[in-house]
$ cat structure37.txt   # compact mmCIF, N, CA and C atoms
# COMPACT_ATOMS: atom_id res chain seq x y z
N MET W 1242 0.86 -1.18 0.00
CA MET W 1242 0.00 0.00 0.00
C MET W 1242 0.90 1.23 0.00
N ILE W 1243 0.56 2.19 -0.86
CA ILE W 1243 1.31 3.45 -0.93
C ILE W 1243 0.33 4.61 -0.81
N TYR W 1244 0.82 5.70 -0.26
CA TYR W 1244 0.01 6.90 -0.02
C TYR W 1244 0.55 8.03 -0.88
N ILE W 1245 -0.34 8.81 -1.46
CA ILE W 1245 0.08 9.96 -2.26
C ILE W 1245 -0.88 11.11 -1.96
N THR W 1246 -0.32 12.31 -1.93
CA THR W 1246 -1.09 13.49 -1.51
C THR W 1246 -1.08 14.56 -2.59
N ARG W 1247 -2.23 15.18 -2.77
CA ARG W 1247 -2.38 16.32 -3.68
C ARG W 1247 -2.76 17.53 -2.83
N LYS W 1248 -2.09 18.65 -3.07
CA LYS W 1248 -2.36 19.90 -2.35
C LYS W 1248 -3.09 20.86 -3.27
N GLU W 1249 -4.12 21.48 -2.76
CA GLU W 1249 -4.85 22.54 -3.45
C GLU W 1249 -5.14 23.65 -2.45
N HIS W 1250 -5.69 24.74 -2.90
CA HIS W 1250 -6.05 25.82 -1.98
C HIS W 1250 -7.30 26.53 -2.48
N PHE W 1251 -7.95 27.20 -1.53
CA PHE W 1251 -9.10 28.03 -1.86
C PHE W 1251 -9.23 29.10 -0.78
N ASN W 1252 -9.95 30.14 -1.11
CA ASN W 1252 -10.22 31.24 -0.19
C ASN W 1252 -11.72 31.30 0.04
N ALA W 1253 -12.11 31.46 1.30
CA ALA W 1253 -13.54 31.52 1.60
C ALA W 1253 -13.76 32.29 2.89
N ALA W 1254 -14.96 32.82 3.01
CA ALA W 1254 -15.39 33.53 4.22
C ALA W 1254 -16.39 32.68 4.97
N HIS W 1255 -16.44 32.91 6.27
CA HIS W 1255 -17.46 32.26 7.08
C HIS W 1255 -17.64 33.02 8.39
N LYS W 1256 -18.63 32.61 9.13
CA LYS W 1256 -18.87 33.13 10.47
C LYS W 1256 -19.25 31.94 11.33
N LEU W 1257 -18.62 31.83 12.48
CA LEU W 1257 -19.00 30.80 13.44
C LEU W 1257 -19.97 31.44 14.42
N TYR W 1258 -21.21 30.99 14.35
CA TYR W 1258 -22.27 31.60 15.15
C TYR W 1258 -23.39 30.59 15.32
N ASN W 1259 -23.74 30.30 16.54
CA ASN W 1259 -24.84 29.39 16.85
C ASN W 1259 -26.09 30.23 17.10
N ASN W 1260 -27.05 30.13 16.20
CA ASN W 1260 -28.25 30.96 16.30
C ASN W 1260 -29.09 30.70 17.54
N SER W 1261 -28.90 29.57 18.19
CA SER W 1261 -29.67 29.29 19.40
C SER W 1261 -29.04 29.93 20.65
N TRP W 1262 -27.89 30.55 20.49
CA TRP W 1262 -27.22 31.24 21.60
C TRP W 1262 -27.35 32.75 21.41
N ASP W 1263 -27.21 33.48 22.50
CA ASP W 1263 -27.18 34.94 22.39
C ASP W 1263 -25.79 35.39 21.95
N GLU W 1264 -25.68 36.67 21.63
CA GLU W 1264 -24.43 37.19 21.11
C GLU W 1264 -23.29 37.05 22.11
N ALA W 1265 -23.59 37.22 23.38
CA ALA W 1265 -22.54 37.11 24.41
C ALA W 1265 -21.95 35.71 24.45
N LYS W 1266 -22.79 34.69 24.37
CA LYS W 1266 -22.27 33.32 24.39
C LYS W 1266 -21.49 33.02 23.11
N ASN W 1267 -22.00 33.47 21.97
CA ASN W 1267 -21.27 33.27 20.72
C ASN W 1267 -19.90 33.92 20.78
N THR W 1268 -19.83 35.12 21.31
CA THR W 1268 -18.54 35.80 21.43
C THR W 1268 -17.63 35.06 22.40
N ALA W 1269 -18.19 34.57 23.50
CA ALA W 1269 -17.38 33.84 24.48
C ALA W 1269 -16.81 32.55 23.89
N VAL W 1270 -17.59 31.85 23.07
CA VAL W 1270 -17.16 30.57 22.51
C VAL W 1270 -16.31 30.75 21.26
N PHE W 1271 -16.76 31.61 20.34
CA PHE W 1271 -16.12 31.72 19.03
C PHE W 1271 -15.20 32.93 18.88
N GLY W 1272 -15.24 33.87 19.82
CA GLY W 1272 -14.38 35.05 19.76
C GLY W 1272 -14.57 35.82 18.47
N LYS W 1273 -13.45 36.25 17.87
CA LYS W 1273 -13.50 37.05 16.64
C LYS W 1273 -14.14 36.30 15.48
N CYS W 1274 -14.19 34.98 15.57
CA CYS W 1274 -14.79 34.19 14.48
C CYS W 1274 -16.30 34.36 14.40
N SER W 1275 -16.90 34.97 15.43
CA SER W 1275 -18.34 35.21 15.39
C SER W 1275 -18.67 36.61 14.87
N ASN W 1276 -17.70 37.30 14.31
CA ASN W 1276 -17.88 38.64 13.78
C ASN W 1276 -19.10 38.70 12.86
N LYS W 1277 -20.00 39.62 13.14
CA LYS W 1277 -21.24 39.72 12.34
C LYS W 1277 -20.97 40.03 10.88
N ASN W 1278 -19.81 40.58 10.57
CA ASN W 1278 -19.46 40.92 9.19
C ASN W 1278 -18.57 39.88 8.52
N TRP W 1279 -18.51 38.68 9.10
CA TRP W 1279 -17.79 37.56 8.53
C TRP W 1279 -16.28 37.74 8.64
N HIS W 1280 -15.54 36.77 8.24
CA HIS W 1280 -14.08 36.83 8.13
C HIS W 1280 -13.66 35.72 7.17
N GLY W 1281 -12.43 35.81 6.65
CA GLY W 1281 -12.02 34.86 5.64
C GLY W 1281 -10.72 34.16 5.96
N HIS W 1282 -10.48 33.09 5.22
CA HIS W 1282 -9.26 32.30 5.36
C HIS W 1282 -8.74 31.92 3.98
N ASN W 1283 -7.44 31.73 3.91
CA ASN W 1283 -6.78 31.15 2.75
C ASN W 1283 -6.50 29.70 3.10
N TYR W 1284 -7.43 28.83 2.76
CA TYR W 1284 -7.35 27.43 3.15
C TYR W 1284 -6.35 26.68 2.27
N GLU W 1285 -5.64 25.76 2.88
CA GLU W 1285 -4.82 24.79 2.15
C GLU W 1285 -5.42 23.42 2.39
N LEU W 1286 -5.62 22.69 1.31
CA LEU W 1286 -6.26 21.39 1.36
C LEU W 1286 -5.29 20.33 0.88
N TYR W 1287 -5.11 19.30 1.69
CA TYR W 1287 -4.27 18.15 1.33
C TYR W 1287 -5.17 16.93 1.28
N VAL W 1288 -5.21 16.28 0.15
CA VAL W 1288 -6.01 15.07 -0.03
C VAL W 1288 -5.05 13.91 -0.25
N THR W 1289 -5.08 12.95 0.68
CA THR W 1289 -4.20 11.79 0.59
C THR W 1289 -5.02 10.57 0.22
N VAL W 1290 -4.57 9.90 -0.83
CA VAL W 1290 -5.21 8.65 -1.25
C VAL W 1290 -4.21 7.52 -1.09
N LYS W 1291 -4.73 6.30 -1.02
CA LYS W 1291 -3.87 5.14 -0.87
C LYS W 1291 -4.34 4.02 -1.77
N GLY W 1292 -3.42 3.13 -2.06
CA GLY W 1292 -3.76 1.98 -2.89
C GLY W 1292 -2.50 1.29 -3.36
N GLU W 1293 -2.70 0.39 -4.26
CA GLU W 1293 -1.58 -0.35 -4.86
C GLU W 1293 -1.15 0.35 -6.13
N VAL W 1294 0.10 0.27 -6.43
CA VAL W 1294 0.65 0.88 -7.64
C VAL W 1294 0.23 0.04 -8.85
N ASN W 1295 -0.34 0.71 -9.83
CA ASN W 1295 -0.72 0.06 -11.08
C ASN W 1295 0.55 -0.24 -11.86
N LYS W 1296 0.73 -1.50 -12.22
CA LYS W 1296 1.96 -1.90 -12.91
C LYS W 1296 2.10 -1.24 -14.28
N ASP W 1297 0.99 -0.91 -14.93
CA ASP W 1297 1.05 -0.30 -16.26
C ASP W 1297 1.41 1.18 -16.23
N THR W 1298 0.93 1.89 -15.18
CA THR W 1298 1.14 3.34 -15.12
C THR W 1298 2.20 3.75 -14.10
N GLY W 1299 2.42 2.91 -13.08
CA GLY W 1299 3.30 3.30 -11.98
C GLY W 1299 2.61 4.21 -10.98
N PHE W 1300 1.30 4.41 -11.12
CA PHE W 1300 0.53 5.32 -10.27
C PHE W 1300 -0.41 4.55 -9.36
N VAL W 1301 -0.72 5.16 -8.21
CA VAL W 1301 -1.91 4.76 -7.44
C VAL W 1301 -3.11 5.40 -8.13
N VAL W 1302 -2.99 6.69 -8.38
CA VAL W 1302 -3.95 7.44 -9.20
C VAL W 1302 -3.15 8.44 -10.02
N ASN W 1303 -3.70 8.87 -11.10
CA ASN W 1303 -3.09 9.92 -11.89
C ASN W 1303 -3.32 11.24 -11.15
N LEU W 1304 -2.23 11.91 -10.74
CA LEU W 1304 -2.37 13.13 -9.95
C LEU W 1304 -3.06 14.26 -10.72
N LYS W 1305 -2.92 14.27 -12.04
CA LYS W 1305 -3.66 15.27 -12.80
C LYS W 1305 -5.15 15.03 -12.67
N ASP W 1306 -5.57 13.77 -12.78
CA ASP W 1306 -6.99 13.45 -12.62
C ASP W 1306 -7.47 13.77 -11.22
N LEU W 1307 -6.65 13.45 -10.21
CA LEU W 1307 -7.03 13.76 -8.83
C LEU W 1307 -7.14 15.27 -8.64
N GLY W 1308 -6.17 16.02 -9.17
CA GLY W 1308 -6.23 17.47 -9.08
C GLY W 1308 -7.46 18.05 -9.76
N ASP W 1309 -7.77 17.52 -10.94
CA ASP W 1309 -8.98 17.98 -11.66
C ASP W 1309 -10.24 17.69 -10.85
N LEU W 1310 -10.29 16.51 -10.23
CA LEU W 1310 -11.44 16.15 -9.40
C LEU W 1310 -11.58 17.11 -8.23
N ILE W 1311 -10.50 17.37 -7.53
CA ILE W 1311 -10.55 18.27 -6.37
C ILE W 1311 -10.96 19.67 -6.81
N LYS W 1312 -10.40 20.15 -7.90
CA LYS W 1312 -10.74 21.49 -8.38
C LYS W 1312 -12.22 21.59 -8.76
N THR W 1313 -12.69 20.61 -9.51
CA THR W 1313 -14.08 20.65 -9.99
C THR W 1313 -15.09 20.48 -8.85
N GLU W 1314 -14.85 19.51 -7.99
CA GLU W 1314 -15.84 19.13 -6.99
C GLU W 1314 -15.71 19.87 -5.66
N VAL W 1315 -14.53 20.45 -5.40
CA VAL W 1315 -14.32 21.10 -4.10
C VAL W 1315 -13.92 22.56 -4.26
N THR W 1316 -12.76 22.82 -4.84
CA THR W 1316 -12.28 24.20 -4.80
C THR W 1316 -13.17 25.15 -5.59
N GLU W 1317 -13.67 24.72 -6.74
CA GLU W 1317 -14.56 25.61 -7.50
C GLU W 1317 -15.89 25.83 -6.78
N VAL W 1318 -16.28 24.89 -5.95
CA VAL W 1318 -17.52 25.01 -5.17
C VAL W 1318 -17.33 25.97 -3.99
N LEU W 1319 -16.11 25.96 -3.40
CA LEU W 1319 -15.86 26.71 -2.17
C LEU W 1319 -15.11 28.02 -2.37
N ASP W 1320 -14.33 28.13 -3.43
CA ASP W 1320 -13.44 29.27 -3.59
C ASP W 1320 -14.20 30.59 -3.74
N HIS W 1321 -13.80 31.57 -2.95
CA HIS W 1321 -14.38 32.91 -2.94
C HIS W 1321 -15.89 32.89 -2.65
N LYS W 1322 -16.27 31.98 -1.77
CA LYS W 1322 -17.67 31.87 -1.37
C LYS W 1322 -17.81 32.21 0.11
N ASN W 1323 -19.02 32.57 0.49
CA ASN W 1323 -19.38 32.67 1.89
C ASN W 1323 -19.91 31.28 2.27
N LEU W 1324 -19.18 30.57 3.10
CA LEU W 1324 -19.53 29.18 3.41
C LEU W 1324 -20.88 29.07 4.11
N ASN W 1325 -21.29 30.09 4.82
CA ASN W 1325 -22.58 30.06 5.51
C ASN W 1325 -23.75 30.24 4.56
N LEU W 1326 -23.52 30.96 3.46
CA LEU W 1326 -24.64 31.38 2.61
C LEU W 1326 -24.62 30.82 1.19
N ASP W 1327 -23.44 30.56 0.64
CA ASP W 1327 -23.32 30.29 -0.80
C ASP W 1327 -23.16 28.83 -1.18
N VAL W 1328 -22.95 27.95 -0.23
CA VAL W 1328 -22.65 26.55 -0.54
C VAL W 1328 -23.81 25.69 -0.05
N PRO W 1329 -24.64 25.19 -0.98
CA PRO W 1329 -25.85 24.46 -0.58
C PRO W 1329 -25.61 23.36 0.45
N GLY W 1330 -24.56 22.58 0.32
CA GLY W 1330 -24.32 21.49 1.26
C GLY W 1330 -23.90 21.92 2.65
N LEU W 1331 -23.61 23.21 2.82
CA LEU W 1331 -23.18 23.70 4.14
C LEU W 1331 -24.22 24.58 4.82
N ILE W 1332 -25.28 24.91 4.12
CA ILE W 1332 -26.31 25.76 4.73
C ILE W 1332 -26.90 25.02 5.93
N ASN W 1333 -27.04 25.72 7.03
CA ASN W 1333 -27.53 25.19 8.32
C ASN W 1333 -26.52 24.28 9.01
N ILE W 1334 -25.27 24.28 8.56
CA ILE W 1334 -24.19 23.56 9.23
C ILE W 1334 -23.16 24.60 9.63
N LEU W 1335 -22.75 24.60 10.88
CA LEU W 1335 -21.72 25.53 11.33
C LEU W 1335 -20.44 25.24 10.55
N PRO W 1336 -19.95 26.18 9.74
CA PRO W 1336 -18.82 25.89 8.85
C PRO W 1336 -17.46 25.97 9.54
N SER W 1337 -17.31 25.22 10.61
CA SER W 1337 -16.01 25.09 11.27
C SER W 1337 -15.07 24.33 10.34
N THR W 1338 -13.80 24.40 10.62
CA THR W 1338 -12.84 23.66 9.81
C THR W 1338 -13.12 22.17 9.90
N GLU W 1339 -13.53 21.71 11.08
CA GLU W 1339 -13.86 20.29 11.25
C GLU W 1339 -15.02 19.89 10.34
N ASN W 1340 -16.10 20.66 10.36
CA ASN W 1340 -17.25 20.32 9.52
C ASN W 1340 -16.93 20.47 8.04
N LEU W 1341 -16.08 21.42 7.71
CA LEU W 1341 -15.69 21.60 6.31
C LEU W 1341 -14.87 20.40 5.81
N ALA W 1342 -13.99 19.87 6.65
CA ALA W 1342 -13.21 18.68 6.27
C ALA W 1342 -14.13 17.48 6.03
N ILE W 1343 -15.13 17.31 6.87
CA ILE W 1343 -16.10 16.22 6.69
C ILE W 1343 -16.87 16.42 5.38
N PHE W 1344 -17.30 17.64 5.13
CA PHE W 1344 -18.01 17.97 3.89
C PHE W 1344 -17.17 17.60 2.67
N ILE W 1345 -15.89 17.95 2.68
CA ILE W 1345 -14.99 17.64 1.57
C ILE W 1345 -14.81 16.13 1.44
N TRP W 1346 -14.62 15.44 2.55
CA TRP W 1346 -14.49 13.98 2.53
C TRP W 1346 -15.69 13.35 1.84
N ASP W 1347 -16.88 13.77 2.27
CA ASP W 1347 -18.12 13.17 1.74
C ASP W 1347 -18.25 13.37 0.23
N ILE W 1348 -17.72 14.46 -0.28
CA ILE W 1348 -17.74 14.70 -1.73
C ILE W 1348 -16.73 13.79 -2.44
N LEU W 1349 -15.52 13.73 -1.90
CA LEU W 1349 -14.42 13.06 -2.61
C LEU W 1349 -14.40 11.54 -2.48
N MET W 1350 -14.78 11.02 -1.33
CA MET W 1350 -14.61 9.60 -1.07
C MET W 1350 -15.19 8.69 -2.16
N PRO W 1351 -16.47 8.84 -2.53
CA PRO W 1351 -16.99 7.92 -3.56
C PRO W 1351 -16.35 8.13 -4.93
N ARG W 1352 -15.96 9.34 -5.24
CA ARG W 1352 -15.35 9.62 -6.54
C ARG W 1352 -13.94 9.05 -6.64
N ILE W 1353 -13.21 9.10 -5.53
CA ILE W 1353 -11.85 8.54 -5.52
C ILE W 1353 -11.92 7.02 -5.61
N GLU W 1354 -12.91 6.42 -4.97
CA GLU W 1354 -13.08 4.96 -5.10
C GLU W 1354 -13.31 4.57 -6.56
N LYS W 1355 -14.04 5.39 -7.31
CA LYS W 1355 -14.26 5.11 -8.73
C LYS W 1355 -12.97 5.21 -9.54
N MET W 1356 -11.98 5.91 -8.98
CA MET W 1356 -10.67 6.02 -9.64
C MET W 1356 -9.78 4.83 -9.32
N GLY W 1357 -10.27 3.93 -8.45
CA GLY W 1357 -9.51 2.74 -8.11
C GLY W 1357 -8.60 2.88 -6.91
N ALA W 1358 -8.81 3.92 -6.11
CA ALA W 1358 -8.01 4.14 -4.90
C ALA W 1358 -8.94 4.35 -3.72
N GLN W 1359 -8.35 4.53 -2.55
CA GLN W 1359 -9.12 4.82 -1.34
C GLN W 1359 -8.70 6.18 -0.81
N LEU W 1360 -9.67 6.96 -0.35
CA LEU W 1360 -9.36 8.21 0.31
C LEU W 1360 -8.83 7.88 1.70
N HIS W 1361 -7.61 8.31 2.00
CA HIS W 1361 -7.00 8.04 3.30
C HIS W 1361 -7.33 9.14 4.30
N ASN W 1362 -7.09 10.40 3.90
CA ASN W 1362 -7.47 11.50 4.79
C ASN W 1362 -7.56 12.81 4.03
N VAL W 1363 -8.25 13.73 4.67
CA VAL W 1363 -8.36 15.11 4.22
C VAL W 1363 -7.75 15.96 5.33
N LYS W 1364 -6.75 16.74 4.96
CA LYS W 1364 -6.14 17.69 5.89
C LYS W 1364 -6.48 19.08 5.40
N LEU W 1365 -7.10 19.86 6.27
CA LEU W 1365 -7.51 21.21 5.90
C LEU W 1365 -6.88 22.19 6.87
N CYS W 1366 -6.05 23.08 6.30
CA CYS W 1366 -5.37 24.10 7.10
C CYS W 1366 -6.14 25.41 6.97
N GLU W 1367 -6.60 25.90 8.10
CA GLU W 1367 -7.32 27.17 8.14
C GLU W 1367 -6.34 28.34 8.26
N THR W 1368 -5.32 28.14 9.07
CA THR W 1368 -4.23 29.10 9.23
C THR W 1368 -2.94 28.29 9.30
N GLU W 1369 -1.81 28.96 9.38
CA GLU W 1369 -0.56 28.21 9.50
C GLU W 1369 -0.47 27.48 10.83
N ASN W 1370 -1.28 27.87 11.80
CA ASN W 1370 -1.25 27.25 13.13
C ASN W 1370 -2.41 26.30 13.40
N ASN W 1371 -3.48 26.37 12.62
CA ASN W 1371 -4.68 25.59 12.88
C ASN W 1371 -5.05 24.74 11.68
N PHE W 1372 -5.15 23.43 11.90
CA PHE W 1372 -5.60 22.54 10.84
C PHE W 1372 -6.28 21.33 11.45
N VAL W 1373 -7.07 20.67 10.64
CA VAL W 1373 -7.71 19.42 11.05
C VAL W 1373 -7.34 18.34 10.04
N GLU W 1374 -7.39 17.11 10.51
CA GLU W 1374 -7.23 15.96 9.64
C GLU W 1374 -8.43 15.04 9.89
N TYR W 1375 -9.02 14.58 8.82
CA TYR W 1375 -10.19 13.71 8.92
C TYR W 1375 -9.90 12.42 8.16
N PHE W 1376 -10.16 11.31 8.82
CA PHE W 1376 -9.87 9.98 8.26
C PHE W 1376 -11.14 9.18 7.98
N GLY W 1377 -12.28 9.86 7.93
CA GLY W 1377 -13.54 9.18 7.65
C GLY W 1377 -14.19 8.69 8.91
N GLY W 1378 -15.41 8.20 8.74
CA GLY W 1378 -16.17 7.72 9.89
C GLY W 1378 -16.85 8.88 10.58
N LYS W 1379 -17.91 8.55 11.25
CA LYS W 1379 -18.67 9.61 11.93
C LYS W 1379 -18.76 9.33 13.40

$ encode --input "structure37.txt" --output "structure tokens"
Amino acid sequence: MIYITRKEHFNAAHKLYNNSWDEAKNTAVFGKCSNKNWHGHNYELYVTVKGEVNKDTGFVVNLKDLGDLIKTEVTEVLDHKNLNLDVPGLINILPSTENLAIFIWDILMPRIEKMGAQLHNVKLCETENNFVEYFGGK
């Protein structure tokens, strides 16, 4: 089994705010991330797939195909969007980095399986200091 990773990036805005809480509690829990005027991040996305090397190609997957898949299904959907308002699959979901990684996993996992590999993990960096890694499962 071999693992290979493709890196992509996108920029998006969001607000962390629980509508069932008052503003004071939202500020206490989410701090500046609950700003009523939103805030943005330059996200870095790492998608790692695993599988056996194809003897004919020398690849687990063709990285160009994987990159095209990520761009079409993820980055073009999320790039320069307000995650709270503009992305149908995220409406009514708090767009934390954790939930965003799960959202991306759910999009990519079945498509990567059709490519003959397995999705190993999604690593999503919100800042240079904050990132999540998701390995599937709920």

$ residues_near_point --input "structure37.txt" --point "(-16.0, 32.3, 8.3)" --cutoff "6 Å" --atoms "only C-alpha atoms" --output "MDAnalysis selection string"
chainID W and resid 1254:1256 1279:1281

$ closest_atom_pairs --input "structure37.txt" --of "range 1260-1339 of chain W" --to "range 1242-1248 of chain W" --cutoff "12 Å" --atoms "only C-alpha atoms" --output "Markdown table"
| residue | atom | partner | partner_atom | distance |
| --- | --- | --- | --- | --- |
| W:Tyr1284 | CA | W:Lys1248 | CA | 10.6 |
| W:Glu1285 | CA | W:Lys1248 | CA | 7.1 |
| W:Leu1286 | CA | W:Lys1248 | CA | 5.6 |
| W:Tyr1287 | CA | W:Lys1248 | CA | 4.5 |
| W:Val1288 | CA | W:Arg1247 | CA | 5.3 |
| W:Thr1289 | CA | W:Thr1246 | CA | 4.1 |
| W:Val1290 | CA | W:Ile1245 | CA | 5.5 |
| W:Lys1291 | CA | W:Tyr1244 | CA | 4.3 |
| W:Gly1292 | CA | W:Met1242 | CA | 5.1 |
| W:Glu1293 | CA | W:Met1242 | CA | 5.1 |
| W:Val1294 | CA | W:Ile1243 | CA | 7.2 |
| W:Asn1295 | CA | W:Ile1243 | CA | 10.9 |
| W:Gly1299 | CA | W:Ile1243 | CA | 11.2 |
| W:Phe1300 | CA | W:Ile1245 | CA | 9.3 |
| W:Val1301 | CA | W:Ile1243 | CA | 7.4 |
| W:Val1302 | CA | W:Ile1245 | CA | 8.4 |
| W:Asn1303 | CA | W:Ile1245 | CA | 10.1 |
| W:Leu1304 | CA | W:Arg1247 | CA | 7.0 |
| W:Lys1305 | CA | W:Arg1247 | CA | 9.3 |
| W:Asp1306 | CA | W:Arg1247 | CA | 10.5 |
| W:Leu1307 | CA | W:Arg1247 | CA | 7.4 |
| W:Gly1308 | CA | W:Arg1247 | CA | 6.7 |
| W:Asp1309 | CA | W:Arg1247 | CA | 10.5 |
| W:Leu1310 | CA | W:Arg1247 | CA | 10.7 |
| W:Ile1311 | CA | W:Arg1247 | CA | 8.8 |
| W:Lys1312 | CA | W:Lys1248 | CA | 10.4 |
| W:Thr1316 | CA | W:Lys1248 | CA | 11.1 |

$ write_last_selection --input "structure37.txt" --atoms "N, CA and C atoms" --output "PDB file, in the frame of the given file"
ATOM      1  N   TYR W1284      -7.430  28.830   2.760  1.00  0.00           N
ATOM      2  CA  TYR W1284      -7.350  27.430   3.150  1.00  0.00           C
ATOM      3  C   TYR W1284      -6.350  26.680   2.270  1.00  0.00           C
ATOM      4  N   GLU W1285      -5.640  25.760   2.880  1.00  0.00           N
ATOM      5  CA  GLU W1285      -4.820  24.790   2.150  1.00  0.00           C
ATOM      6  C   GLU W1285      -5.420  23.420   2.390  1.00  0.00           C
ATOM      7  N   LEU W1286      -5.620  22.690   1.310  1.00  0.00           N
ATOM      8  CA  LEU W1286      -6.260  21.390   1.360  1.00  0.00           C
ATOM      9  C   LEU W1286      -5.290  20.330   0.880  1.00  0.00           C
ATOM     10  N   TYR W1287      -5.110  19.300   1.690  1.00  0.00           N
ATOM     11  CA  TYR W1287      -4.270  18.150   1.330  1.00  0.00           C
ATOM     12  C   TYR W1287      -5.170  16.930   1.280  1.00  0.00           C
ATOM     13  N   VAL W1288      -5.210  16.280   0.150  1.00  0.00           N
ATOM     14  CA  VAL W1288      -6.010  15.070  -0.030  1.00  0.00           C
ATOM     15  C   VAL W1288      -5.050  13.910  -0.250  1.00  0.00           C
ATOM     16  N   THR W1289      -5.080  12.950   0.680  1.00  0.00           N
ATOM     17  CA  THR W1289      -4.200  11.790   0.590  1.00  0.00           C
ATOM     18  C   THR W1289      -5.020  10.570   0.220  1.00  0.00           C
ATOM     19  N   VAL W1290      -4.570   9.900  -0.830  1.00  0.00           N
ATOM     20  CA  VAL W1290      -5.210   8.650  -1.250  1.00  0.00           C
ATOM     21  C   VAL W1290      -4.210   7.520  -1.090  1.00  0.00           C
ATOM     22  N   LYS W1291      -4.730   6.300  -1.020  1.00  0.00           N
ATOM     23  CA  LYS W1291      -3.870   5.140  -0.870  1.00  0.00           C
ATOM     24  C   LYS W1291      -4.340   4.020  -1.770  1.00  0.00           C
ATOM     25  N   GLY W1292      -3.420   3.130  -2.060  1.00  0.00           N
ATOM     26  CA  GLY W1292      -3.760   1.980  -2.890  1.00  0.00           C
ATOM     27  C   GLY W1292      -2.500   1.290  -3.360  1.00  0.00           C
ATOM     28  N   GLU W1293      -2.700   0.390  -4.260  1.00  0.00           N
ATOM     29  CA  GLU W1293      -1.580  -0.350  -4.860  1.00  0.00           C
ATOM     30  C   GLU W1293      -1.150   0.350  -6.130  1.00  0.00           C
ATOM     31  N   VAL W1294       0.100   0.270  -6.430  1.00  0.00           N
ATOM     32  CA  VAL W1294       0.650   0.880  -7.640  1.00  0.00           C
ATOM     33  C   VAL W1294       0.230   0.040  -8.850  1.00  0.00           C
ATOM     34  N   ASN W1295      -0.340   0.710  -9.830  1.00  0.00           N
ATOM     35  CA  ASN W1295      -0.720   0.060 -11.080  1.00  0.00           C
ATOM     36  C   ASN W1295       0.550  -0.240 -11.860  1.00  0.00           C
ATOM     37  N   GLY W1299       2.420   2.910 -13.080  1.00  0.00           N
ATOM     38  CA  GLY W1299       3.300   3.300 -11.980  1.00  0.00           C
ATOM     39  C   GLY W1299       2.610   4.210 -10.980  1.00  0.00           C
ATOM     40  N   PHE W1300       1.300   4.410 -11.120  1.00  0.00           N
ATOM     41  CA  PHE W1300       0.530   5.320 -10.270  1.00  0.00           C
ATOM     42  C   PHE W1300      -0.410   4.550  -9.360  1.00  0.00           C
ATOM     43  N   VAL W1301      -0.720   5.160  -8.210  1.00  0.00           N
ATOM     44  CA  VAL W1301      -1.910   4.760  -7.440  1.00  0.00           C
ATOM     45  C   VAL W1301      -3.110   5.400  -8.130  1.00  0.00           C
ATOM     46  N   VAL W1302      -2.990   6.690  -8.380  1.00  0.00           N
ATOM     47  CA  VAL W1302      -3.950   7.440  -9.200  1.00  0.00           C
ATOM     48  C   VAL W1302      -3.150   8.440 -10.020  1.00  0.00           C
ATOM     49  N   ASN W1303      -3.700   8.870 -11.100  1.00  0.00           N
ATOM     50  CA  ASN W1303      -3.090   9.920 -11.890  1.00  0.00           C
ATOM     51  C   ASN W1303      -3.320  11.240 -11.150  1.00  0.00           C
ATOM     52  N   LEU W1304      -2.230  11.910 -10.740  1.00  0.00           N
ATOM     53  CA  LEU W1304      -2.370  13.130  -9.950  1.00  0.00           C
ATOM     54  C   LEU W1304      -3.060  14.260 -10.720  1.00  0.00           C
ATOM     55  N   LYS W1305      -2.920  14.270 -12.040  1.00  0.00           N
ATOM     56  CA  LYS W1305      -3.660  15.270 -12.800  1.00  0.00           C
ATOM     57  C   LYS W1305      -5.150  15.030 -12.670  1.00  0.00           C
ATOM     58  N   ASP W1306      -5.570  13.770 -12.780  1.00  0.00           N
ATOM     59  CA  ASP W1306      -6.990  13.450 -12.620  1.00  0.00           C
ATOM     60  C   ASP W1306      -7.470  13.770 -11.220  1.00  0.00           C
ATOM     61  N   LEU W1307      -6.650  13.450 -10.210  1.00  0.00           N
ATOM     62  CA  LEU W1307      -7.030  13.760  -8.830  1.00  0.00           C
ATOM     63  C   LEU W1307      -7.140  15.270  -8.640  1.00  0.00           C
ATOM     64  N   GLY W1308      -6.170  16.020  -9.170  1.00  0.00           N
ATOM     65  CA  GLY W1308      -6.230  17.470  -9.080  1.00  0.00           C
ATOM     66  C   GLY W1308      -7.460  18.050  -9.760  1.00  0.00           C
ATOM     67  N   ASP W1309      -7.770  17.520 -10.940  1.00  0.00           N
ATOM     68  CA  ASP W1309      -8.980  17.980 -11.660  1.00  0.00           C
ATOM     69  C   ASP W1309     -10.240  17.690 -10.850  1.00  0.00           C
ATOM     70  N   LEU W1310     -10.290  16.510 -10.230  1.00  0.00           N
ATOM     71  CA  LEU W1310     -11.440  16.150  -9.400  1.00  0.00           C
ATOM     72  C   LEU W1310     -11.580  17.110  -8.230  1.00  0.00           C
ATOM     73  N   ILE W1311     -10.500  17.370  -7.530  1.00  0.00           N
ATOM     74  CA  ILE W1311     -10.550  18.270  -6.370  1.00  0.00           C
ATOM     75  C   ILE W1311     -10.960  19.670  -6.810  1.00  0.00           C
ATOM     76  N   LYS W1312     -10.400  20.150  -7.900  1.00  0.00           N
ATOM     77  CA  LYS W1312     -10.740  21.490  -8.380  1.00  0.00           C
ATOM     78  C   LYS W1312     -12.220  21.590  -8.760  1.00  0.00           C
ATOM     79  N   THR W1316     -12.760  22.820  -4.840  1.00  0.00           N
ATOM     80  CA  THR W1316     -12.280  24.200  -4.800  1.00  0.00           C
ATOM     81  C   THR W1316     -13.170  25.150  -5.590  1.00  0.00           C
TER      82      THR W1316
END

$ select_by_dssp --input "structure37.txt" --residues "range 1272-1317 of chain W" --states "strand (DSSP E)" --output "list of chain:residue names"
W:His1280, W:Gly1281, W:His1282, W:Asn1283, W:Tyr1284, W:Glu1285, W:Leu1286, W:Tyr1287, W:Val1288, W:Thr1289, W:Val1290, W:Lys1291, W:Gly1292

$ residues_around --input "structure37.txt" --residues "range 1329-1337 of chain W" --least-positions-apart "2" --cutoff "7 Å" --atoms "all atoms listed in the file" --output "PyMOL selection string"
chain W and resi 1255-1258+1324-1327+1339-1342

$ atom_distance --input "structure37.txt" --atom1 "atom N of Ala1358 in chain W" --atom2 "atom C of Asp1297 in chain W"
14.6 Å
